[in-house]
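Pasting target-v4.csv here (CSV, C-alpha atoms and all ligand atoms):
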chain,number,residue,atom,x,y,z
A,149,MET,CA,60.0,9.7,-49.6
A,150,LEU,CA,58.5,6.5,-48.3
A,151,ILE,CA,60.2,3.4,-46.8
A,152,ARG,CA,58.1,0.4,-47.8
A,153,ASP,CA,58.3,-3.3,-48.4
A,154,ALA,CA,59.9,-4.2,-51.8
A,155,GLN,CA,57.6,-5.6,-54.5
A,156,ALA,CA,58.5,-7.7,-57.5
A,157,HIS,CA,58.2,-4.6,-59.7
A,158,ASP,CA,61.0,-2.9,-57.8
A,159,LEU,CA,63.5,-5.6,-58.8
A,160,PRO,CA,64.9,-4.0,-62.0
A,161,GLU,CA,65.7,-0.8,-60.0
A,162,ILE,CA,67.2,-2.9,-57.1
A,163,LEU,CA,69.3,-4.8,-59.6
A,164,ALA,CA,70.5,-1.6,-61.3
A,165,ILE,CA,71.6,-0.1,-57.9
A,166,TYR,CA,73.2,-3.4,-56.8
A,167,ASN,CA,75.1,-3.9,-60.1
A,168,GLU,CA,76.4,-0.3,-60.1
A,169,VAL,CA,77.9,-1.0,-56.6
A,170,ILE,CA,79.4,-4.3,-57.8
A,171,ALA,CA,80.9,-2.8,-60.9
A,172,THR,CA,82.4,0.3,-59.3
A,173,SER,CA,83.3,-0.6,-55.7
A,174,THR,CA,84.4,-3.2,-53.2
A,175,ALA,CA,81.3,-2.6,-51.1
A,176,VAL,CA,80.1,-6.0,-52.3
A,177,TYR,CA,82.6,-8.8,-52.8
A,178,ALA,CA,80.9,-10.0,-56.0
A,179,THR,CA,83.0,-10.0,-59.1
A,180,GLN,CA,80.2,-10.5,-61.6
A,181,PRO,CA,76.9,-8.6,-62.1
A,182,SER,CA,73.8,-10.1,-60.6
A,183,SER,CA,70.7,-10.9,-62.6
A,184,LEU,CA,67.0,-10.3,-62.3
A,185,ALA,CA,66.4,-14.0,-61.7
A,186,GLU,CA,69.0,-13.9,-58.8
A,187,ARG,CA,67.4,-10.8,-57.3
A,188,ALA,CA,63.9,-12.4,-57.6
A,189,GLU,CA,65.2,-15.5,-55.8
A,190,TRP,CA,66.8,-13.4,-53.1
A,191,LEU,CA,63.5,-11.5,-52.5
A,192,GLU,CA,61.5,-14.7,-52.4
A,193,GLN,CA,63.9,-16.4,-50.0
A,194,ARG,CA,63.9,-13.4,-47.6
A,195,ARG,CA,60.1,-13.3,-47.7
A,196,GLN,CA,59.7,-17.0,-47.1
A,197,ARG,CA,62.0,-16.7,-44.0
A,198,GLY,CA,60.0,-13.7,-42.7
A,199,PHE,CA,62.8,-11.3,-43.3
A,200,PRO,CA,62.2,-7.7,-44.6
A,201,VAL,CA,63.4,-6.2,-47.9
A,202,LEU,CA,62.7,-2.5,-47.8
A,203,VAL,CA,63.0,0.2,-50.5
A,204,ALA,CA,63.1,4.0,-50.3
A,205,ASP,CA,60.5,5.1,-52.8
A,206,GLU,CA,60.4,8.7,-54.1
A,207,ASP,CA,57.5,9.2,-56.4
A,208,GLY,CA,57.6,5.6,-57.5
A,209,ALA,CA,61.4,5.5,-58.1
A,210,VAL,CA,63.6,3.3,-55.9
A,211,LEU,CA,66.4,5.4,-54.3
A,212,GLY,CA,67.9,2.5,-52.3
A,213,PHE,CA,67.1,-0.8,-50.5
A,214,SER,CA,67.9,-2.6,-47.3
A,215,SER,CA,67.4,-6.0,-45.9
A,216,PHE,CA,68.6,-8.5,-43.3
A,217,GLY,CA,68.9,-12.2,-43.1
A,218,GLU,CA,70.4,-14.8,-40.9
A,219,PHE,CA,74.0,-14.4,-39.5
A,220,ARG,CA,75.8,-17.8,-39.9
A,221,GLY,CA,72.3,-19.4,-40.2
A,222,ALA,CA,73.7,-22.9,-40.5
A,223,TRP,CA,74.0,-23.0,-36.7
A,224,ASN,CA,70.9,-22.5,-34.5
A,225,GLY,CA,72.9,-20.8,-31.7
A,226,TYR,CA,73.2,-17.7,-33.9
A,227,ARG,CA,69.4,-17.3,-34.2
A,228,TYR,CA,69.2,-14.0,-32.3
A,229,SER,CA,71.7,-12.4,-34.7
A,230,ILE,CA,71.1,-11.0,-38.1
A,231,GLU,CA,73.2,-9.5,-40.9
A,232,HIS,CA,72.0,-6.6,-42.9
A,233,SER,CA,72.8,-4.9,-46.2
A,234,VAL,CA,72.0,-1.4,-47.5
A,235,HIS,CA,72.7,0.3,-50.8
A,236,VAL,CA,71.6,3.7,-52.1
A,237,ARG,CA,71.5,4.8,-55.7
A,238,ALA,CA,74.6,6.8,-56.6
A,239,ASP,CA,72.8,10.1,-57.2
A,240,ALA,CA,70.8,9.8,-53.9
A,241,ARG,CA,73.7,9.3,-51.5
A,242,GLY,CA,74.4,11.7,-48.6
A,243,LYS,CA,70.7,12.7,-48.4
A,244,ASN,CA,69.7,10.5,-45.4
A,245,VAL,CA,68.2,7.7,-47.5
A,246,GLY,CA,70.6,5.1,-46.1
A,247,ARG,CA,69.9,6.2,-42.6
A,248,LEU,CA,66.1,5.9,-43.0
A,249,LEU,CA,66.5,2.5,-44.7
A,250,VAL,CA,68.7,1.0,-41.9
A,251,GLU,CA,66.8,2.7,-39.0
A,252,ALA,CA,63.6,1.1,-40.4
A,253,LEU,CA,65.2,-2.3,-40.0
A,254,PHE,CA,65.9,-1.9,-36.2
A,255,PRO,CA,62.2,-2.3,-35.0
A,256,LEU,CA,61.6,-5.1,-37.5
A,257,GLY,CA,64.6,-7.0,-36.1
A,258,ALA,CA,63.5,-6.4,-32.6
A,259,ALA,CA,60.0,-7.5,-33.3
A,260,LEU,CA,61.4,-10.8,-34.6
A,261,GLY,CA,63.2,-11.2,-31.2
A,262,LYS,CA,66.6,-10.5,-32.6
A,263,HIS,CA,69.4,-9.2,-30.3
A,264,VAL,CA,72.2,-8.1,-32.6
A,265,MET,CA,72.5,-6.6,-36.1
A,266,ILE,CA,75.8,-7.1,-37.9
A,267,GLY,CA,77.2,-5.3,-40.9
A,268,ALA,CA,80.1,-6.6,-42.9
A,269,VAL,CA,81.9,-3.6,-44.4
A,270,ASP,CA,84.9,-3.4,-46.6
A,271,ALA,CA,87.7,-1.9,-44.6
A,272,ALA,CA,88.5,0.6,-47.3
A,273,ASN,CA,84.8,1.8,-47.4
A,274,GLU,CA,85.4,4.6,-44.9
A,275,GLY,CA,82.1,6.2,-45.8
A,276,SER,CA,80.1,3.1,-44.9
A,277,ILE,CA,82.1,2.6,-41.7
A,278,ARG,CA,81.4,6.2,-40.7
A,279,PHE,CA,77.8,5.8,-41.7
A,280,HIS,CA,77.4,2.7,-39.5
A,281,GLU,CA,79.1,4.4,-36.6
A,282,ARG,CA,76.6,7.3,-36.9
A,283,LEU,CA,73.8,4.7,-36.7
A,284,GLY,CA,75.2,3.2,-33.5
A,285,PHE,CA,77.2,0.3,-34.8
A,286,ALA,CA,80.6,-0.4,-33.3
A,287,ARG,CA,83.6,-2.0,-35.0
A,288,VAL,CA,84.1,-5.4,-33.5
A,289,GLY,CA,86.3,-7.3,-35.9
A,290,HIS,CA,88.8,-6.9,-38.8
A,291,PHE,CA,89.6,-9.7,-41.1
A,292,LYS,CA,92.8,-9.4,-43.1
A,293,GLU,CA,92.7,-10.3,-46.9
A,294,VAL,CA,89.6,-12.4,-46.8
A,295,GLY,CA,88.3,-10.9,-50.1
A,296,HIS,CA,89.9,-10.5,-53.5
A,297,LYS,CA,88.5,-8.2,-56.2
A,298,PHE,CA,90.0,-5.7,-58.8
A,299,ASP,CA,93.4,-7.6,-58.5
A,300,ARG,CA,93.9,-6.9,-54.8
A,301,TRP,CA,93.2,-8.4,-51.4
A,302,LEU,CA,90.4,-6.9,-49.3
A,303,ASP,CA,90.1,-6.6,-45.6
A,304,LEU,CA,86.6,-6.9,-44.1
A,305,VAL,CA,85.3,-5.1,-40.9
A,306,PHE,CA,82.5,-6.5,-38.9
A,307,MET,CA,80.3,-3.9,-37.1
A,308,GLN,CA,77.5,-4.7,-34.7
A,309,ARG,CA,74.6,-2.9,-33.0
A,310,PHE,CA,72.4,-4.2,-30.2
A,311,LEU,CA,68.6,-4.2,-31.0
A,312,ASP,CA,67.7,-4.5,-27.3
A,313,ALA,CA,69.7,-4.2,-24.1
A,314,PRO,CA,73.1,-6.0,-24.0
A,315,GLY,CA,72.7,-9.1,-21.8
A,316,SER,CA,68.9,-9.2,-22.1
A,317,SER,CA,67.4,-12.6,-21.4
A,318,ARG,CA,66.0,-15.0,-23.9
B,1,LIG,C1,76.9,3.7,-47.4
B,1,LIG,C2,75.5,4.2,-47.8
B,1,LIG,C3,74.5,3.1,-47.7
B,1,LIG,C4,75.1,5.4,-46.9
B,1,LIG,O1,73.9,5.8,-47.3
B,1,LIG,P1,73.6,7.4,-47.5
B,1,LIG,O2,72.2,7.6,-47.8
B,1,LIG,O3,74.6,7.9,-48.5
B,1,LIG,O4,73.9,8.0,-46.1
B,1,LIG,P2,73.1,9.1,-45.2
B,1,LIG,O5,72.9,10.3,-46.0
B,1,LIG,O6,71.8,8.4,-44.7
B,1,LIG,O7,74.0,9.3,-44.0
B,1,LIG,C5,73.8,9.0,-42.7
B,1,LIG,C6,74.9,9.4,-41.8
B,1,LIG,O8,76.1,8.7,-42.2
B,1,LIG,C7,77.1,9.7,-42.6
B,1,LIG,N1,77.7,9.3,-43.9
B,1,LIG,C8,77.1,8.7,-44.9
B,1,LIG,N2,78.0,8.5,-45.9
B,1,LIG,C9,79.2,9.0,-45.5
B,1,LIG,C10,80.5,9.1,-46.0
B,1,LIG,N3,80.7,8.7,-47.3
B,1,LIG,N4,81.5,9.6,-45.3
B,1,LIG,C11,81.2,10.0,-44.0
B,1,LIG,N5,80.0,10.0,-43.4
B,1,LIG,C12,79.0,9.5,-44.1
B,1,LIG,C13,76.4,11.0,-42.8
B,1,LIG,O9,77.2,12.1,-42.6
B,1,LIG,C14,75.2,10.9,-41.9
B,1,LIG,O10,75.6,11.3,-40.6
B,1,LIG,P3,75.0,12.5,-39.9
B,1,LIG,O11,73.5,12.2,-39.8
B,1,LIG,O12,75.6,12.6,-38.6
B,1,LIG,O13,75.3,13.7,-40.8
B,1,LIG,C15,75.5,4.7,-49.3
B,1,LIG,O14,76.4,5.8,-49.4
B,1,LIG,C16,75.8,3.7,-50.3
B,1,LIG,O15,75.0,2.9,-50.8
B,1,LIG,N6,77.1,3.6,-50.8
B,1,LIG,C17,77.6,2.7,-51.8
B,1,LIG,C18,77.3,1.2,-51.5
B,1,LIG,C19,77.8,0.9,-50.0
B,1,LIG,O16,78.9,1.2,-49.6
B,1,LIG,N7,76.9,0.2,-49.3
B,1,LIG,C20,77.2,-0.3,-48.0
B,1,LIG,C21,77.9,-1.5,-48.0
B,1,LIG,S1,78.3,-2.0,-46.3
Since I need it in another form, could you write the structure as structure tokens?
Amino acid sequence: MLIRDAQAHDLPEILAIYNEVIATSTAVYATQPSSLAERAEWLEQRRQRGFPVLVADEDGAVLGFSSFGEFRGAWNGYRYSIEHSVHVRADARGKNVGRLLVEALFPLGAALGKHVMIGAVDAANEGSIRFHERLGFARVGHFKEVGHKFDRWLDLVFMQRFLDAPGSSR
């Protein structure tokens, strides 16, 4: 398996993984499926801003994808923080794919001078919380009932991991 930059031809597989997560879980707070055009726009925006979109490629098939973008990008004071996402194809979970996809983001974030990587995880998604803890993320915040999906309120947990030493100078 290879972790590489996503290409336009990966978008249908990325879309299928994303839409399966949207339809079957609260891991993403979208209530409608995404579209190929929306995913293409997302990839283009990430590229234009110099942010990575990675895929796990096994013999040409996409097993998962990861990316990061700005965290609260409307305010320049947040410029050393990034927010990531990661999703693995349902039949490929629990095989280290997610770990490799997120670990590959760390040096890319550090190379861009970023200090902190943030994950926003549904509080009920214990698997993802455990996954992020295993990758060195710490729970730092818990928002009550900030999401609503499947006719219920959703709590959101923020998790963060330093990409260089805490307190390092800029
Ligand atoms: C969460 C997700 C990205 C994890 O990726 P994965 O490939 O399944 O996880 P990995 O096999 O790389 O696991 C890495 C570590 O996390 C742990 N972990 C992963 N999933 C876990 C789970 N459901 N419960 C407990 N621990 C888990 C593993 O045990 C492993 O730790 P170890 O190395 O100490 O054994 C993936 O399961 C997924 O896409 N889930 C559905 C969508 C989702 O929740 N996305 C994240 C939104 S924040």
Give me, please, the distance in Å between atom O12 of ligand LIG 1 (chain B) and CA of Glu274 in chain A, quoted to one decimal.
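So the answer is 14.1 Å.
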Environment of ligand LIG 1 (chain B) within 10 Å, counting only C-alpha atoms and all ligand atoms, reported as number ranges by chain
A: 165-166, 168-170, 172-177, 211-214, 232-251, 267-283, 304-307
Interatomic distance, CA of Gly289 in chain A to CA of Ser317 in chain A (Å, one decimal):
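Computed distance, CA of Gly289 in chain A to CA of Ser317 in chain A, equals 24.4 Å.
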Between CA of His263 in chain A and CA of Gly315 in chain A - distance in Å to one decimal
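Pair CA of Gly315 in chain A / CA of His263 in chain A returns 9.1 Å.
Residue nearest Asp153 in chain A, chosen from A:Gln193, A:Ser182, A:Val203, A:Asn167 and counting all atoms listed in the file: A:Val203.
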Using only C-alpha atoms, which of the listed residues (A:Pro200, A:Gly208, A:Pro181, A:Pro160) sits closest to Ala252 in chain A?
A:Pro200
Out of A:Arg287, A:Arg152, A:Arg195, A:Lys262, which residue has the shortest atom-to-atom distance to Ala313 in chain A when counting all atoms listed in the file?
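Smallest separation from Ala313 in chain A among the options: A:Lys262.
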Residues at most 6 Å from Glu293 in chain A, counting only C-alpha atoms, excluding those fewer than 6 positions away in the same chain, as a CSV table (one decimal) with C-alpha atoms, keeping the file's coordinate frame?
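Once written, selection11.csv looks like this:
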chain,number,residue,atom,x,y,z
A,301,TRP,CA,93.2,-8.4,-51.4
A,302,LEU,CA,90.4,-6.9,-49.3
A,303,ASP,CA,90.1,-6.6,-45.6
Please list as a PyMOL selection string every residue within 7 Å of Phe199 in chain A, counting all atoms listed in the file and excluding residues in the same chain fewer than 2 positions away.
chain A and resi 194-195+197+201+216-217
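Closest approach to Glu231 in chain A among A:Ala286, A:Ala185, A:Ala164, A:Met265: A:Met265, based on all atoms listed in the file.
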Filtering to all heavy atoms, could range 264-275 of chain A of the supplied structure be written out as a PDB file, in the first residue's frame?
ATOM      1  N   VAL A 264       0.023  23.123  15.485  1.00  0.00           N
ATOM      2  CA  VAL A 264      -0.988  22.260  16.109  1.00  0.00           C
ATOM      3  C   VAL A 264      -1.913  21.686  15.036  1.00  0.00           C
ATOM      4  O   VAL A 264      -2.343  22.416  14.138  1.00  0.00           O
ATOM      5  CB  VAL A 264      -1.827  23.070  17.129  1.00  0.00           C
ATOM      6  CG1 VAL A 264      -3.029  22.258  17.596  1.00  0.00           C
ATOM      7  CG2 VAL A 264      -0.989  23.482  18.324  1.00  0.00           C
ATOM      8  N   MET A 265      -2.199  20.385  15.152  1.00  0.00           N
ATOM      9  CA  MET A 265      -3.203  19.755  14.296  1.00  0.00           C
ATOM     10  C   MET A 265      -4.414  19.409  15.148  1.00  0.00           C
ATOM     11  O   MET A 265      -4.269  18.867  16.255  1.00  0.00           O
ATOM     12  CB  MET A 265      -2.642  18.506  13.626  1.00  0.00           C
ATOM     13  CG  MET A 265      -3.606  17.878  12.644  1.00  0.00           C
ATOM     14  SD  MET A 265      -2.921  16.426  11.816  1.00  0.00           S
ATOM     15  CE  MET A 265      -1.793  17.222  10.695  1.00  0.00           C
ATOM     16  N   ILE A 266      -5.592  19.739  14.635  1.00  0.00           N
ATOM     17  CA  ILE A 266      -6.836  19.593  15.392  1.00  0.00           C
ATOM     18  C   ILE A 266      -7.778  18.653  14.662  1.00  0.00           C
ATOM     19  O   ILE A 266      -7.929  18.737  13.434  1.00  0.00           O
ATOM     20  CB  ILE A 266      -7.502  20.986  15.562  1.00  0.00           C
ATOM     21  CG1 ILE A 266      -6.599  21.880  16.430  1.00  0.00           C
ATOM     22  CG2 ILE A 266      -8.903  20.865  16.179  1.00  0.00           C
ATOM     23  CD1 ILE A 266      -6.830  23.348  16.249  1.00  0.00           C
ATOM     24  N   GLY A 267      -8.391  17.765  15.435  1.00  0.00           N
ATOM     25  CA  GLY A 267      -9.418  16.892  14.889  1.00  0.00           C
ATOM     26  C   GLY A 267     -10.732  17.168  15.608  1.00  0.00           C
ATOM     27  O   GLY A 267     -10.755  17.305  16.838  1.00  0.00           O
ATOM     28  N   ALA A 268     -11.802  17.277  14.859  1.00  0.00           N
ATOM     29  CA  ALA A 268     -13.134  17.449  15.435  1.00  0.00           C
ATOM     30  C   ALA A 268     -13.858  16.118  15.281  1.00  0.00           C
ATOM     31  O   ALA A 268     -14.126  15.671  14.170  1.00  0.00           O
ATOM     32  CB  ALA A 268     -13.888  18.555  14.711  1.00  0.00           C
ATOM     33  N   VAL A 269     -14.139  15.462  16.412  1.00  0.00           N
ATOM     34  CA  VAL A 269     -14.629  14.080  16.391  1.00  0.00           C
ATOM     35  C   VAL A 269     -15.973  14.007  17.114  1.00  0.00           C
ATOM     36  O   VAL A 269     -16.108  14.539  18.229  1.00  0.00           O
ATOM     37  CB  VAL A 269     -13.618  13.136  17.104  1.00  0.00           C
ATOM     38  CG1 VAL A 269     -14.062  11.680  16.974  1.00  0.00           C
ATOM     39  CG2 VAL A 269     -12.207  13.323  16.560  1.00  0.00           C
ATOM     40  N   ASP A 270     -16.943  13.357  16.514  1.00  0.00           N
ATOM     41  CA  ASP A 270     -18.223  13.169  17.189  1.00  0.00           C
ATOM     42  C   ASP A 270     -17.986  12.440  18.511  1.00  0.00           C
ATOM     43  O   ASP A 270     -17.257  11.431  18.558  1.00  0.00           O
ATOM     44  CB  ASP A 270     -19.165  12.352  16.295  1.00  0.00           C
ATOM     45  CG  ASP A 270     -20.531  12.196  16.917  1.00  0.00           C
ATOM     46  OD1 ASP A 270     -21.210  13.222  17.118  1.00  0.00           O
ATOM     47  OD2 ASP A 270     -20.918  11.058  17.229  1.00  0.00           O
ATOM     48  N   ALA A 271     -18.594  12.943  19.581  1.00  0.00           N
ATOM     49  CA  ALA A 271     -18.327  12.392  20.913  1.00  0.00           C
ATOM     50  C   ALA A 271     -18.720  10.921  21.023  1.00  0.00           C
ATOM     51  O   ALA A 271     -18.165  10.184  21.845  1.00  0.00           O
ATOM     52  CB  ALA A 271     -19.055  13.229  21.971  1.00  0.00           C
ATOM     53  N   ALA A 272     -19.678  10.497  20.185  1.00  0.00           N
ATOM     54  CA  ALA A 272     -20.111   9.089  20.237  1.00  0.00           C
ATOM     55  C   ALA A 272     -19.207   8.185  19.400  1.00  0.00           C
ATOM     56  O   ALA A 272     -19.345   6.959  19.454  1.00  0.00           O
ATOM     57  CB  ALA A 272     -21.549   8.984  19.750  1.00  0.00           C
ATOM     58  N   ASN A 273     -18.293   8.777  18.642  1.00  0.00           N
ATOM     59  CA  ASN A 273     -17.408   8.005  17.764  1.00  0.00           C
ATOM     60  C   ASN A 273     -16.185   7.536  18.565  1.00  0.00           C
ATOM     61  O   ASN A 273     -15.068   8.014  18.384  1.00  0.00           O
ATOM     62  CB  ASN A 273     -16.998   8.863  16.558  1.00  0.00           C
ATOM     63  CG  ASN A 273     -16.329   8.058  15.454  1.00  0.00           C
ATOM     64  OD1 ASN A 273     -15.988   6.882  15.647  1.00  0.00           O
ATOM     65  ND2 ASN A 273     -16.117   8.694  14.318  1.00  0.00           N
ATOM     66  N   GLU A 274     -16.452   6.595  19.478  1.00  0.00           N
ATOM     67  CA  GLU A 274     -15.392   6.162  20.399  1.00  0.00           C
ATOM     68  C   GLU A 274     -14.213   5.569  19.659  1.00  0.00           C
ATOM     69  O   GLU A 274     -13.057   5.713  20.088  1.00  0.00           O
ATOM     70  CB  GLU A 274     -15.954   5.159  21.408  1.00  0.00           C
ATOM     71  CG  GLU A 274     -16.840   5.828  22.435  1.00  0.00           C
ATOM     72  CD  GLU A 274     -17.625   4.833  23.284  1.00  0.00           C
ATOM     73  OE1 GLU A 274     -17.254   3.645  23.315  1.00  0.00           O
ATOM     74  OE2 GLU A 274     -18.617   5.262  23.900  1.00  0.00           O
ATOM     75  N   GLY A 275     -14.476   4.908  18.539  1.00  0.00           N
ATOM     76  CA  GLY A 275     -13.395   4.330  17.745  1.00  0.00           C
ATOM     77  C   GLY A 275     -12.445   5.403  17.247  1.00  0.00           C
ATOM     78  O   GLY A 275     -11.216   5.249  17.325  1.00  0.00           O
TER      79      GLY A 275
END
